[in-house]
>>> print(open('entry.csv').read())   # CSV, C-alpha atoms
chain,number,residue,atom,x,y,z
H,157,MET,CA,13.2,-5.2,33.9
H,158,SER,CA,15.5,-2.3,33.3
H,159,GLU,CA,15.9,-0.4,30.0
H,160,THR,CA,16.0,-2.3,26.8
H,161,ILE,CA,15.5,-1.5,23.1
H,162,PHE,CA,11.8,-2.3,23.8
H,163,THR,CA,11.3,0.2,26.6
H,164,GLY,CA,10.6,4.0,26.3
H,165,LYS,CA,9.7,6.6,28.9
H,166,LEU,CA,6.0,5.7,29.2
H,167,THR,CA,5.6,2.4,27.4
H,168,ARG,CA,7.2,-0.9,26.4
H,169,LEU,CA,6.6,-3.2,23.5
H,170,VAL,CA,5.7,-6.8,24.2
H,171,GLY,CA,4.9,-9.8,22.1
H,172,ILE,CA,1.4,-11.0,21.1
H,173,GLU,CA,-0.5,-13.0,23.6
H,174,PRO,CA,-3.8,-13.7,21.8
H,175,GLU,CA,-5.9,-14.7,24.8
H,176,LYS,CA,-5.2,-11.5,26.8
H,177,ALA,CA,-4.9,-9.1,23.9
H,178,GLY,CA,-8.1,-10.3,22.3
H,179,GLU,CA,-10.2,-9.3,25.3
H,180,ARG,CA,-9.0,-5.7,25.2
H,181,MET,CA,-9.0,-5.4,21.4
H,182,ALA,CA,-12.6,-6.6,21.3
H,183,GLN,CA,-13.5,-3.7,23.6
H,184,TRP,CA,-11.7,-1.2,21.4
H,185,SER,CA,-13.5,-2.6,18.3
H,186,ARG,CA,-16.8,-1.4,19.8
H,187,ASP,CA,-15.5,2.2,19.9
H,188,SER,CA,-16.1,3.2,16.3
H,189,GLU,CA,-14.3,6.5,16.7
H,190,TYR,CA,-11.2,4.6,17.5
H,191,VAL,CA,-11.5,2.2,14.6
H,192,GLN,CA,-12.2,5.0,12.1
H,193,LEU,CA,-9.1,6.9,13.2
H,194,TYR,CA,-6.7,4.3,11.9
H,195,ASN,CA,-8.6,1.7,9.7
H,196,SER,CA,-10.1,2.4,6.3
H,197,SER,CA,-12.2,-0.8,6.4
H,198,GLN,CA,-15.7,-0.5,7.6
H,199,ALA,CA,-15.9,-0.5,11.4
H,200,ALA,CA,-17.5,-3.6,12.9
H,201,PRO,CA,-17.9,-4.7,16.6
H,202,ARG,CA,-16.0,-7.9,17.3
H,203,TYR,CA,-16.1,-10.7,19.9
H,204,ALA,CA,-13.0,-11.5,21.7
H,205,LYS,CA,-12.8,-14.9,20.1
H,206,GLN,CA,-12.9,-13.4,16.6
H,207,ILE,CA,-9.9,-11.3,17.4
H,208,GLN,CA,-8.1,-14.0,19.2
H,209,ASP,CA,-8.5,-16.3,16.2
H,210,ARG,CA,-7.2,-13.5,13.9
H,211,LEU,CA,-4.2,-12.9,16.1
H,212,ARG,CA,-3.4,-16.6,16.2
H,213,ASN,CA,-3.7,-16.7,12.4
H,214,GLU,CA,-1.5,-13.7,12.0
H,215,LEU,CA,1.1,-15.3,14.2
H,216,ASP,CA,1.0,-18.5,12.1
H,217,LYS,CA,1.2,-16.7,8.8
H,218,ALA,CA,3.4,-13.7,9.7
H,219,ARG,CA,5.9,-12.9,7.0
H,220,PRO,CA,9.5,-12.4,8.1
H,221,GLY,CA,9.4,-8.7,7.4
H,222,ASP,CA,6.4,-8.0,9.7
H,223,PHE,CA,7.2,-6.8,13.2
H,224,TYR,CA,4.0,-6.5,15.2
H,225,PHE,CA,4.0,-5.7,18.9
H,226,LEU,CA,1.6,-4.8,21.7
H,227,VAL,CA,2.0,-1.7,23.8
H,228,GLN,CA,2.0,-1.7,27.6
H,229,PRO,CA,2.5,1.1,30.1
H,230,LEU,CA,5.8,0.9,31.9
H,231,ASP,CA,4.0,0.8,35.3
H,232,ASP,CA,1.4,-2.0,34.8
H,233,GLU,CA,0.5,-5.1,32.8
H,234,ARG,CA,-2.4,-3.8,30.8
H,235,VAL,CA,-2.4,-4.0,27.0
H,236,ILE,CA,-3.2,-0.4,25.8
H,237,GLY,CA,-2.4,-0.5,22.1
H,238,GLU,CA,-0.5,-2.0,19.2
H,239,VAL,CA,2.3,-0.9,17.0
H,240,GLY,CA,4.5,-2.4,14.3
H,241,LEU,CA,6.6,-2.2,11.2
H,242,TRP,CA,5.5,-4.1,8.1
H,243,SER,CA,7.3,-5.2,4.9
H,244,ALA,CA,10.5,-4.2,6.6
H,245,LEU,CA,12.9,-6.7,5.1
H,246,THR,CA,13.3,-5.8,1.4
H,247,PRO,CA,16.3,-4.7,-0.7
H,248,HIS,CA,15.0,-1.1,-0.4
H,249,ARG,CA,15.2,-1.0,3.4
H,250,ASN,CA,11.9,0.8,3.7
H,251,ALA,CA,9.0,-0.1,6.0
H,252,TRP,CA,5.5,0.8,6.9
H,253,LEU,CA,4.7,1.9,10.4
H,254,ALA,CA,1.3,1.8,12.1
H,255,VAL,CA,0.3,2.5,15.7
H,256,ALA,CA,-2.9,2.7,17.7
H,257,ILE,CA,-3.7,3.3,21.3
H,258,GLY,CA,-7.1,1.6,22.1
H,259,GLU,CA,-7.6,2.9,25.7
H,260,ARG,CA,-9.2,6.2,25.0
H,261,GLU,CA,-8.6,7.6,28.5
H,262,LEU,CA,-4.9,7.5,27.5
H,263,TRP,CA,-5.3,9.5,24.3
H,264,GLY,CA,-3.3,12.7,24.0
H,265,LYS,CA,-1.0,11.8,26.8
H,266,GLY,CA,2.1,10.7,24.8
H,267,TYR,CA,1.7,7.0,24.9
H,268,GLY,CA,1.4,6.6,21.2
H,269,SER,CA,4.3,8.9,20.5
H,270,ASP,CA,6.4,7.0,23.0
H,271,ALA,CA,5.6,3.7,21.3
H,272,VAL,CA,6.5,5.2,17.9
H,273,ARG,CA,9.8,6.4,19.3
H,274,ILE,CA,10.7,2.9,20.4
H,275,THR,CA,9.6,1.5,17.1
H,276,LEU,CA,11.6,4.1,15.1
H,277,ARG,CA,14.7,3.2,17.1
H,278,TYR,CA,14.0,-0.5,16.5
H,279,GLY,CA,13.6,0.1,12.8
H,280,PHE,CA,16.7,2.2,12.4
H,281,GLN,CA,19.0,0.5,14.9
H,282,GLU,CA,17.9,-3.1,14.9
H,283,LEU,CA,16.5,-3.6,11.4
H,284,ASN,CA,18.9,-1.0,9.9
H,285,LEU,CA,16.2,0.6,7.8
H,286,HIS,CA,16.9,3.6,5.5
H,287,ARG,CA,13.4,5.0,5.7
H,288,ILE,CA,10.0,4.5,7.5
H,289,ASN,CA,6.7,5.7,6.1
H,290,LEU,CA,3.1,5.8,7.2
H,291,ASN,CA,-0.4,6.8,6.2
H,292,VAL,CA,-2.6,9.0,8.3
H,293,PHE,CA,-6.2,10.1,7.7
H,294,GLY,CA,-6.9,13.8,7.0
H,295,TYR,CA,-9.3,14.1,9.9
H,296,ASN,CA,-6.9,12.6,12.5
H,297,THR,CA,-5.3,15.9,13.3
H,298,ARG,CA,-3.9,14.7,16.7
H,299,ALA,CA,-1.9,12.0,15.0
H,300,ILE,CA,-0.7,14.3,12.2
H,301,ARG,CA,0.6,16.7,14.8
H,302,ALA,CA,2.3,13.9,16.8
H,303,TYR,CA,4.0,12.5,13.6
H,304,GLU,CA,5.3,15.9,12.7
H,305,LYS,CA,6.8,16.3,16.2
H,306,LEU,CA,8.4,12.8,15.9
H,307,GLY,CA,10.2,14.1,12.8
H,308,PHE,CA,8.0,12.7,9.9
H,309,ALA,CA,7.9,14.9,6.9
H,310,HIS,CA,4.8,15.4,4.7
H,311,GLU,CA,5.3,13.7,1.4
H,312,GLY,CA,1.9,14.1,-0.2
H,313,ALA,CA,-1.8,13.3,0.0
H,314,ILE,CA,-4.0,10.6,-1.7
H,315,ARG,CA,-6.8,13.0,-2.7
H,316,GLY,CA,-10.3,12.1,-1.5
H,317,ALA,CA,-9.3,8.5,-0.7
H,318,LEU,CA,-11.7,8.2,2.2
H,319,LYS,CA,-15.4,8.9,2.4
H,320,ARG,CA,-16.5,9.5,6.0
H,321,TYR,CA,-18.7,11.8,8.0
H,322,GLY,CA,-20.5,12.9,4.9
H,323,ARG,CA,-17.5,14.1,2.8
H,324,ARG,CA,-14.3,13.1,1.1
H,325,TRP,CA,-11.0,13.2,3.0
H,326,ASP,CA,-7.3,12.8,1.9
H,327,ILE,CA,-5.0,10.1,3.2
H,328,LEU,CA,-1.8,11.8,4.1
H,329,PHE,CA,1.6,10.2,3.4
H,330,MET,CA,4.5,10.9,5.7
H,331,GLY,CA,8.1,9.6,5.8
H,332,ILE,CA,11.3,9.8,7.8
H,333,LEU,CA,14.8,9.0,6.6
H,334,ARG,CA,17.4,7.4,8.7
H,335,GLU,CA,19.7,10.5,8.5
H,336,GLU,CA,16.8,12.8,9.7
H,337,TRP,CA,16.1,10.4,12.6
H,338,GLU,CA,19.8,10.3,13.5
H,339,ARG,CA,20.1,14.1,13.4
H,340,ALA,CA,17.0,14.4,15.8
H,341,GLN,CA,18.7,12.0,18.2
H,342,VAL,CA,21.8,14.1,18.4
H,343,ALA,CA,19.8,17.3,18.8
H,344,GLY,CA,17.6,15.7,21.5
H,345,SER,CA,20.6,14.4,23.6
H,346,LYS,CA,22.1,17.9,23.9
F,139,MET,CA,-26.9,1.5,-26.2
F,140,VAL,CA,-23.8,-0.5,-27.0
F,141,LEU,CA,-21.2,-0.5,-24.3
F,142,GLN,CA,-18.1,-2.4,-25.4
F,143,LEU,CA,-15.7,-2.7,-22.5
F,144,PHE,CA,-13.3,-5.4,-23.6
F,145,GLU,CA,-12.8,-4.7,-27.4
F,146,GLY,CA,-10.6,-1.9,-28.4
F,147,GLU,CA,-9.2,-0.9,-31.8
F,148,LYS,CA,-6.0,-2.8,-31.7
F,149,ILE,CA,-6.3,-4.7,-28.5
F,150,ARG,CA,-8.8,-6.7,-26.4
F,151,PHE,CA,-9.1,-7.5,-22.7
F,152,ALA,CA,-9.3,-11.3,-22.1
F,153,PRO,CA,-9.0,-13.6,-19.1
F,154,PHE,CA,-5.7,-15.4,-18.5
F,155,ASP,CA,-5.5,-18.6,-20.5
F,156,PRO,CA,-3.0,-20.9,-18.7
F,157,GLU,CA,-2.3,-23.0,-21.8
F,158,ARG,CA,-1.4,-20.1,-24.1
F,159,ASP,CA,-0.3,-17.3,-21.8
F,160,ALA,CA,2.0,-19.0,-19.2
F,161,GLU,CA,4.8,-19.1,-21.8
F,162,PRO,CA,4.9,-15.4,-22.7
F,163,PHE,CA,4.3,-14.3,-19.1
F,164,SER,CA,7.2,-16.4,-18.1
F,165,ARG,CA,9.4,-14.9,-20.8
F,166,TRP,CA,8.7,-11.4,-19.5
F,167,THR,CA,9.9,-12.3,-16.0
F,168,HIS,CA,13.3,-13.2,-17.6
F,169,ASP,CA,13.8,-9.5,-18.6
F,170,PRO,CA,15.0,-7.7,-15.5
F,171,GLU,CA,15.1,-4.3,-17.3
F,172,SER,CA,11.4,-4.5,-18.0
F,173,LEU,CA,10.7,-5.7,-14.5
F,174,ARG,CA,12.4,-2.7,-13.0
F,175,LEU,CA,10.0,-0.4,-14.7
F,176,ILE,CA,7.0,-2.0,-13.0
F,177,GLU,CA,8.1,-3.9,-9.9
F,178,ILE,CA,9.5,-3.0,-6.5
F,179,GLU,CA,10.0,-6.6,-5.6
F,180,PRO,CA,13.4,-8.1,-6.5
F,181,ALA,CA,13.5,-9.6,-10.0
F,182,ARG,CA,12.8,-13.3,-10.2
F,183,PRO,CA,12.5,-15.5,-13.3
F,184,LEU,CA,9.4,-17.6,-13.1
F,185,SER,CA,8.7,-20.8,-15.2
F,186,PRO,CA,5.4,-21.3,-17.0
F,187,PHE,CA,4.6,-23.7,-14.2
F,188,GLN,CA,5.2,-21.1,-11.5
F,189,ILE,CA,3.2,-18.5,-13.5
F,190,LYS,CA,0.2,-21.0,-13.7
F,191,LYS,CA,0.4,-21.5,-9.9
F,192,ARG,CA,0.4,-17.7,-9.3
F,193,PHE,CA,-2.7,-17.3,-11.4
F,194,GLU,CA,-4.4,-20.2,-9.6
F,195,GLU,CA,-3.8,-18.3,-6.3
F,196,MET,CA,-5.0,-15.0,-7.8
F,197,GLU,CA,-8.2,-16.7,-9.1
F,198,LYS,CA,-9.4,-16.8,-5.4
F,199,GLU,CA,-9.3,-12.9,-5.3
F,200,MET,CA,-10.8,-12.3,-8.7
F,201,GLY,CA,-14.1,-10.5,-8.7
F,202,ARG,CA,-13.8,-9.5,-5.1
F,203,ASP,CA,-11.1,-7.0,-4.9
F,204,LEU,CA,-9.2,-7.9,-8.0
F,205,TYR,CA,-10.1,-7.5,-11.7
F,206,TYR,CA,-7.3,-8.9,-14.0
F,207,PHE,CA,-7.1,-8.7,-17.7
F,208,VAL,CA,-4.6,-10.1,-20.2
F,209,ILE,CA,-4.1,-7.6,-23.0
F,210,ARG,CA,-4.2,-9.3,-26.4
F,211,ALA,CA,-3.3,-7.9,-29.9
F,212,LYS,CA,-6.4,-8.2,-32.0
F,213,GLU,CA,-4.5,-9.0,-35.2
F,214,ASN,CA,-3.3,-12.4,-33.9
F,215,ASP,CA,-4.8,-12.8,-30.4
F,216,ARG,CA,-1.3,-13.0,-28.9
F,217,ALA,CA,-0.9,-11.9,-25.2
F,218,ILE,CA,1.1,-8.7,-25.1
F,219,GLY,CA,0.6,-7.5,-21.6
F,220,PHE,CA,-1.6,-7.2,-18.6
F,221,ALA,CA,-3.8,-4.7,-16.8
F,222,TYR,CA,-5.4,-5.1,-13.4
F,223,ILE,CA,-7.3,-3.3,-10.7
F,224,ARG,CA,-6.6,-4.4,-7.2
F,225,TRP,CA,-7.0,-3.6,-3.5
F,226,ILE,CA,-10.4,-2.2,-4.2
F,227,GLU,CA,-11.9,-0.4,-1.1
F,228,TRP,CA,-15.6,-0.5,-2.0
F,229,ASN,CA,-16.7,1.7,0.9
F,230,HIS,CA,-14.4,4.5,-0.3
F,231,GLY,CA,-14.4,3.8,-4.1
F,232,ASN,CA,-10.6,3.7,-4.1
F,233,ALA,CA,-8.5,1.2,-6.0
F,234,PHE,CA,-4.9,0.6,-7.2
F,235,PHE,CA,-4.0,-0.5,-10.7
F,236,ASN,CA,-1.1,-1.7,-12.7
F,237,LEU,CA,-0.6,-2.1,-16.4
F,238,ALA,CA,2.3,-3.2,-18.6
F,239,ILE,CA,3.2,-4.2,-22.1
F,240,GLY,CA,5.4,-7.2,-21.6
F,241,SER,CA,7.9,-7.1,-24.4
F,242,PRO,CA,9.9,-4.1,-25.5
F,243,ASP,CA,9.1,-4.9,-29.1
F,244,ASP,CA,5.4,-4.2,-28.5
F,245,ARG,CA,6.0,-0.8,-26.8
F,246,ARG,CA,5.8,2.6,-28.3
F,247,LYS,CA,2.9,1.6,-30.6
F,248,GLY,CA,0.1,3.2,-28.6
F,249,LEU,CA,-1.1,-0.2,-27.2
F,250,GLY,CA,-0.6,0.9,-23.6
F,251,ASN,CA,-2.5,4.1,-24.3
F,252,GLU,CA,-5.5,2.1,-25.5
F,253,ALA,CA,-5.2,-0.4,-22.6
F,254,LEU,CA,-5.2,2.4,-20.0
F,255,GLN,CA,-8.2,4.1,-21.6
F,256,MET,CA,-10.1,0.8,-21.5
F,257,LEU,CA,-9.0,0.1,-17.9
F,258,LEU,CA,-10.1,3.5,-16.8
F,259,ARG,CA,-13.5,3.2,-18.5
F,260,TYR,CA,-13.9,-0.2,-16.8
F,261,ALA,CA,-13.0,1.3,-13.4
F,262,PHE,CA,-15.2,4.4,-13.6
F,263,GLU,CA,-18.2,3.1,-15.6
F,264,GLU,CA,-18.4,-0.6,-14.6
F,265,LEU,CA,-17.0,-0.7,-11.1
F,266,ASN,CA,-18.2,2.9,-10.4
F,267,LEU,CA,-15.0,3.8,-8.5
F,268,TYR,CA,-14.3,7.3,-7.2
F,269,ARG,CA,-10.6,7.3,-7.9
F,270,MET,CA,-7.7,5.2,-9.3
F,271,SER,CA,-4.2,5.1,-7.8
F,272,THR,CA,-0.9,3.8,-9.0
F,273,PHE,CA,2.8,4.5,-8.5
F,274,THR,CA,6.0,4.6,-10.5
F,275,MET,CA,9.7,5.1,-9.8
F,276,GLU,CA,11.7,8.4,-10.2
F,277,TYR,CA,13.8,6.8,-13.0
F,278,ASN,CA,10.8,5.7,-15.0
F,279,ILE,CA,10.2,9.0,-16.9
F,280,GLY,CA,8.2,7.2,-19.6
F,281,ALA,CA,5.6,6.0,-17.0
F,282,GLN,CA,5.4,9.5,-15.5
F,283,ARG,CA,4.7,11.1,-19.0
F,284,PHE,CA,2.2,8.3,-19.7
F,285,LEU,CA,0.2,8.9,-16.6
F,286,GLU,CA,0.2,12.7,-16.9
F,287,LYS,CA,-1.0,12.4,-20.5
F,288,HIS,CA,-4.0,10.5,-19.2
F,289,GLY,CA,-4.8,13.1,-16.7
F,290,PHE,CA,-3.2,11.7,-13.5
F,291,GLN,CA,-1.8,14.0,-10.9
F,292,GLN,CA,1.3,13.2,-8.9
F,293,GLU,CA,0.1,13.1,-5.3
F,294,VAL,CA,2.9,11.7,-3.2
F,295,CYS,CA,6.7,11.7,-3.5
F,296,ALA,CA,8.1,9.1,-1.1
F,297,ARG,CA,11.7,10.2,-0.8
F,298,GLU,CA,14.4,7.5,-1.3
F,299,ALA,CA,11.9,4.7,-1.0
F,300,ILE,CA,13.7,2.4,-3.4
F,301,TYR,CA,17.4,1.4,-3.8
F,302,ARG,CA,18.6,0.4,-7.2
F,303,ASP,CA,21.9,0.5,-9.1
F,304,GLY,CA,23.8,1.9,-6.2
F,305,LYS,CA,21.5,4.8,-5.2
F,306,TYR,CA,18.2,5.6,-3.7
F,307,TRP,CA,15.2,6.8,-5.8
F,308,ASP,CA,11.9,8.3,-4.9
F,309,THR,CA,8.7,6.5,-5.7
F,310,LEU,CA,5.9,8.7,-7.0
F,311,SER,CA,2.2,8.0,-6.4
F,312,TYR,CA,-0.4,9.2,-8.9
F,313,GLY,CA,-4.2,9.5,-8.7
F,314,LEU,CA,-7.1,10.3,-11.0
F,315,LEU,CA,-10.6,11.1,-9.8
F,316,ALA,CA,-13.7,10.0,-11.6
F,317,GLU,CA,-14.8,13.6,-12.2
F,318,GLU,CA,-11.4,14.5,-13.7
F,319,TRP,CA,-11.6,11.4,-16.0
F,320,ALA,CA,-15.1,12.3,-17.1
F,321,ALA,CA,-14.1,15.9,-17.8
F,322,GLY,CA,-11.2,14.6,-20.0
F,323,GLN,CA,-13.4,12.3,-22.1
F,324,GLY,CA,-14.0,13.3,-25.7
F,325,LYS,CA,-10.6,14.9,-25.9
F,326,PRO,CA,-7.5,12.9,-27.1
>>> encode(input="entry.csv", output="structure tokens")
Amino acid sequence: MSETIFTGKLTRLVGIEPEKAGERMAQWSRDSEYVQLYNSSQAAPRYAKQIQDRLRNELDKARPGDFYFLVQPLDDERVIGEVGLWSALTPHRNAWLAVAIGERELWGKGYGSDAVRITLRYGFQELNLHRINLNVFGYNTRAIRAYEKLGFAHEGAIRGALKRYGRRWDILFMGILREEWERAQVAGSK
Amino acid sequence: MVLQLFEGEKIRFAPFDPERDAEPFSRWTHDPESLRLIEIEPARPLSPFQIKKRFEEMEKEMGRDLYYFVIRAKENDRAIGFAYIRWIEWNHGNAFFNLAIGSPDDRRKGLGNEALQMLLRYAFEELNLYRMSTFTMEYNIGAQRFLEKHGFQQEVCAREAIYRDGKYWDTLSYGLLAEEWAAGQGKP
């Protein structure tokens, strides 16, 4: 398929297929470093069936404002991560973004940033949002750097909200406004 | 040692009583001005029937990651507001709270101050939390002063996160750490 609003330079966003995605996500859940990079709940290894059931349940109970997608590379059919916007349909036109690339050999190669670029475009052009925000953990320096490059501004820190690796860490709060995103698009196309 | 968590000077913390409390709680939801001080969700008037249903739903979360109290005036045992701790992350000792005096007639009498003191003591001495979080809106100057008076620090300013009355407003997140709370005890 050619370019759509769901495709980027490295990745594309696809719908949730519980059977296939559950297998990969169960593998990722056994990588505690991965889980701790994006989830504040205690890490726990999962069976594929547990995740498949959770995905089916999420699909059944999804609220209209939640837009949850899987990430695939442009050049193959593997599921490599997940991305989404949550609570996106409110009178305030603000949404939460989250992204994670589970395949660790693909970390640091731009796949997550590419998926976020597609998701920002989806949020601002398809959902007509005014603003998109996210949380990132203080020790996840690679993600913080990536979000800064994508145009997110630092808006503060929830002090000591995480206890991990023997000490307290902040949860950083970042946000991007529609006008900031639009300016970056114009600058990028020159 | 006597530790009295639920009895204050002018108020007490009590469980929700559907028979008596559904009516005042319903009345508060018919006051959009008050709702805008505490809620991001669009205002919605709820009947006593709907209020009861909501509390039945909430009952399932109680005691796991939700601790909910009705604030009662001691003089006549009337429900005047609510205070709750929610989204508790036990592994990190972090939680969110919300607190409100429902009717404008009951505000500016120090009842909210007493309720927040009781809620913080419950959070830090009973639940043993490490920190408490909440948020308010840019236009709610009263809430900002109230939180700062109780030692909270503004931690996040989410720019233009809420749209009301024809313009965007920031939302402000506040936090208080257990050690900061403990250091402030004994002082007014």
>>> residues_around(input="entry.csv", residues="Ala181 in chain F", least_positions_apart="2", cutoff="9 Å", atoms="only C-alpha atoms", output="ChimeraX atom specification")
/F:167-170,173-174,177-179,183
>>> write_last_selection(input="entry.csv", atoms="C-alpha atoms", output="compact mmCIF listing (two decimals), keeping the file's coordinate frame")
# COMPACT_ATOMS: atom_id res chain seq x y z
CA THR F 167 9.90 -12.30 -16.00
CA HIS F 168 13.30 -13.20 -17.60
CA ASP F 169 13.80 -9.50 -18.60
CA PRO F 170 15.00 -7.70 -15.50
CA LEU F 173 10.70 -5.70 -14.50
CA ARG F 174 12.40 -2.70 -13.00
CA GLU F 177 8.10 -3.90 -9.90
CA ILE F 178 9.50 -3.00 -6.50
CA GLU F 179 10.00 -6.60 -5.60
CA PRO F 183 12.50 -15.50 -13.30
>>> interface_residues(input="entry.csv", of="chain F", to="chain H", cutoff="6 Å", atoms="only C-alpha atoms", output="list in words")
His230, Glu293, Val294, Cys295, Ala296, Ile300 and Tyr301 of chain F
>>> closest_residue(input="entry.csv", among="H:Leu169, H:Ala199, H:Gly178, H:Thr297", to="Gly240 in chain H", atoms="only C-alpha atoms")
H:Leu169
>>> residues_near_point(input="entry.csv", point="(-4.2, -8.8, 25.9)", cutoff="10 Å", atoms="all atoms listed in the file", output="CSV table (one decimal) with C-alpha atoms, keeping the file's coordinate frame")
chain,number,residue,atom,x,y,z
H,171,GLY,CA,4.9,-9.8,22.1
H,172,ILE,CA,1.4,-11.0,21.1
H,173,GLU,CA,-0.5,-13.0,23.6
H,174,PRO,CA,-3.8,-13.7,21.8
H,175,GLU,CA,-5.9,-14.7,24.8
H,176,LYS,CA,-5.2,-11.5,26.8
H,177,ALA,CA,-4.9,-9.1,23.9
H,178,GLY,CA,-8.1,-10.3,22.3
H,179,GLU,CA,-10.2,-9.3,25.3
H,180,ARG,CA,-9.0,-5.7,25.2
H,181,MET,CA,-9.0,-5.4,21.4
H,182,ALA,CA,-12.6,-6.6,21.3
H,208,GLN,CA,-8.1,-14.0,19.2
H,226,LEU,CA,1.6,-4.8,21.7
H,227,VAL,CA,2.0,-1.7,23.8
H,228,GLN,CA,2.0,-1.7,27.6
H,233,GLU,CA,0.5,-5.1,32.8
H,234,ARG,CA,-2.4,-3.8,30.8
H,235,VAL,CA,-2.4,-4.0,27.0
H,236,ILE,CA,-3.2,-0.4,25.8
H,237,GLY,CA,-2.4,-0.5,22.1
>>> atom_distance(input="entry.csv", atom1="CA of Thr272 in chain F", atom2="CA of Thr309 in chain F")
10.5 Å
>>> residues_around(input="entry.csv", residues="Val191 in chain H", least_positions_apart="5", cutoff="12 Å", atoms="all atoms listed in the file", output="tab-separated table (two decimals) with C-alpha atoms, in the coordinates of the input")
chain	number	residue	atom	x	y	z
H	181	MET	CA	-9.00	-5.40	21.40
H	182	ALA	CA	-12.60	-6.60	21.30
H	183	GLN	CA	-13.50	-3.70	23.60
H	184	TRP	CA	-11.70	-1.20	21.40
H	185	SER	CA	-13.50	-2.60	18.30
H	186	ARG	CA	-16.80	-1.40	19.80
H	196	SER	CA	-10.10	2.40	6.30
H	197	SER	CA	-12.20	-0.80	6.40
H	198	GLN	CA	-15.70	-0.50	7.60
H	199	ALA	CA	-15.90	-0.50	11.40
H	200	ALA	CA	-17.50	-3.60	12.90
H	201	PRO	CA	-17.90	-4.70	16.60
H	202	ARG	CA	-16.00	-7.90	17.30
H	255	VAL	CA	0.30	2.50	15.70
H	256	ALA	CA	-2.90	2.70	17.70
H	257	ILE	CA	-3.70	3.30	21.30
H	258	GLY	CA	-7.10	1.60	22.10
H	259	GLU	CA	-7.60	2.90	25.70
H	260	ARG	CA	-9.20	6.20	25.00
H	293	PHE	CA	-6.20	10.10	7.70
H	296	ASN	CA	-6.90	12.60	12.50
>>> closest_residue(input="entry.csv", among="F:Gly231, F:Pro180, F:Gly280, F:Gly201", to="Pro153 in chain F", atoms="all atoms listed in the file")
F:Gly201
>>> closest_residue(input="entry.csv", among="F:Trp319, F:Tyr312, F:Phe234, F:Phe154", to="Asp203 in chain F", atoms="only C-alpha atoms")
F:Phe234
>>> residues_around(input="entry.csv", residues="Gln341 in chain H", least_positions_apart="2", cutoff="12 Å", atoms="only C-alpha atoms", output="ChimeraX atom specification")
/H:273,276-277,280-281,306-307,334-339,343-346
>>> write_last_selection(input="entry.csv", atoms="C-alpha atoms", output="PDB file, in the coordinates of the input")
ATOM      1  CA  ARG H 273       9.800   6.400  19.300  1.00  0.00           C
ATOM      2  CA  LEU H 276      11.600   4.100  15.100  1.00  0.00           C
ATOM      3  CA  ARG H 277      14.700   3.200  17.100  1.00  0.00           C
ATOM      4  CA  PHE H 280      16.700   2.200  12.400  1.00  0.00           C
ATOM      5  CA  GLN H 281      19.000   0.500  14.900  1.00  0.00           C
ATOM      6  CA  LEU H 306       8.400  12.800  15.900  1.00  0.00           C
ATOM      7  CA  GLY H 307      10.200  14.100  12.800  1.00  0.00           C
ATOM      8  CA  ARG H 334      17.400   7.400   8.700  1.00  0.00           C
ATOM      9  CA  GLU H 335      19.700  10.500   8.500  1.00  0.00           C
ATOM     10  CA  GLU H 336      16.800  12.800   9.700  1.00  0.00           C
ATOM     11  CA  TRP H 337      16.100  10.400  12.600  1.00  0.00           C
ATOM     12  CA  GLU H 338      19.800  10.300  13.500  1.00  0.00           C
ATOM     13  CA  ARG H 339      20.100  14.100  13.400  1.00  0.00           C
ATOM     14  CA  ALA H 343      19.800  17.300  18.800  1.00  0.00           C
ATOM     15  CA  GLY H 344      17.600  15.700  21.500  1.00  0.00           C
ATOM     16  CA  SER H 345      20.600  14.400  23.600  1.00  0.00           C
ATOM     17  CA  LYS H 346      22.100  17.900  23.900  1.00  0.00           C
TER      18      LYS H 346
END
>>> atom_distance(input="entry.csv", atom1="CA of Ser269 in chain H", atom2="CA of Thr163 in chain H")
12.7 Å
>>> residues_around(input="entry.csv", residues="Phe284 in chain F", least_positions_apart="6", cutoff="9 Å", atoms="all atoms listed in the file", output="PyMOL selection string")
chain F and resi 250-251+290
>>> decode(input="entry.csv", residues="range 289-307 of chain H", atoms="C-alpha atoms", output="compact mmCIF listing (two decimals), in the first residue's frame")
# COMPACT_ATOMS: atom_id res chain seq x y z
CA ASN H 289 0.81 15.35 26.34
CA LEU H 290 2.75 12.45 27.78
CA ASN H 291 4.59 11.16 30.82
CA VAL H 292 8.12 9.81 30.69
CA PHE H 293 10.21 8.35 33.49
CA GLY H 294 13.26 10.28 34.66
CA TYR H 295 15.67 7.41 33.91
CA ASN H 296 14.42 6.95 30.33
CA THR H 297 16.90 9.42 28.88
CA ARG H 298 16.69 7.99 25.34
CA ALA H 299 12.93 8.66 25.24
CA ILE H 300 13.28 12.14 26.78
CA ARG H 301 15.79 13.08 24.08
CA ALA H 302 13.50 11.67 21.37
CA TYR H 303 10.44 13.58 22.64
CA GLU H 304 12.45 16.82 22.76
CA LYS H 305 13.48 16.28 19.14
CA LEU H 306 9.87 15.60 18.18
CA GLY H 307 8.94 19.03 19.54
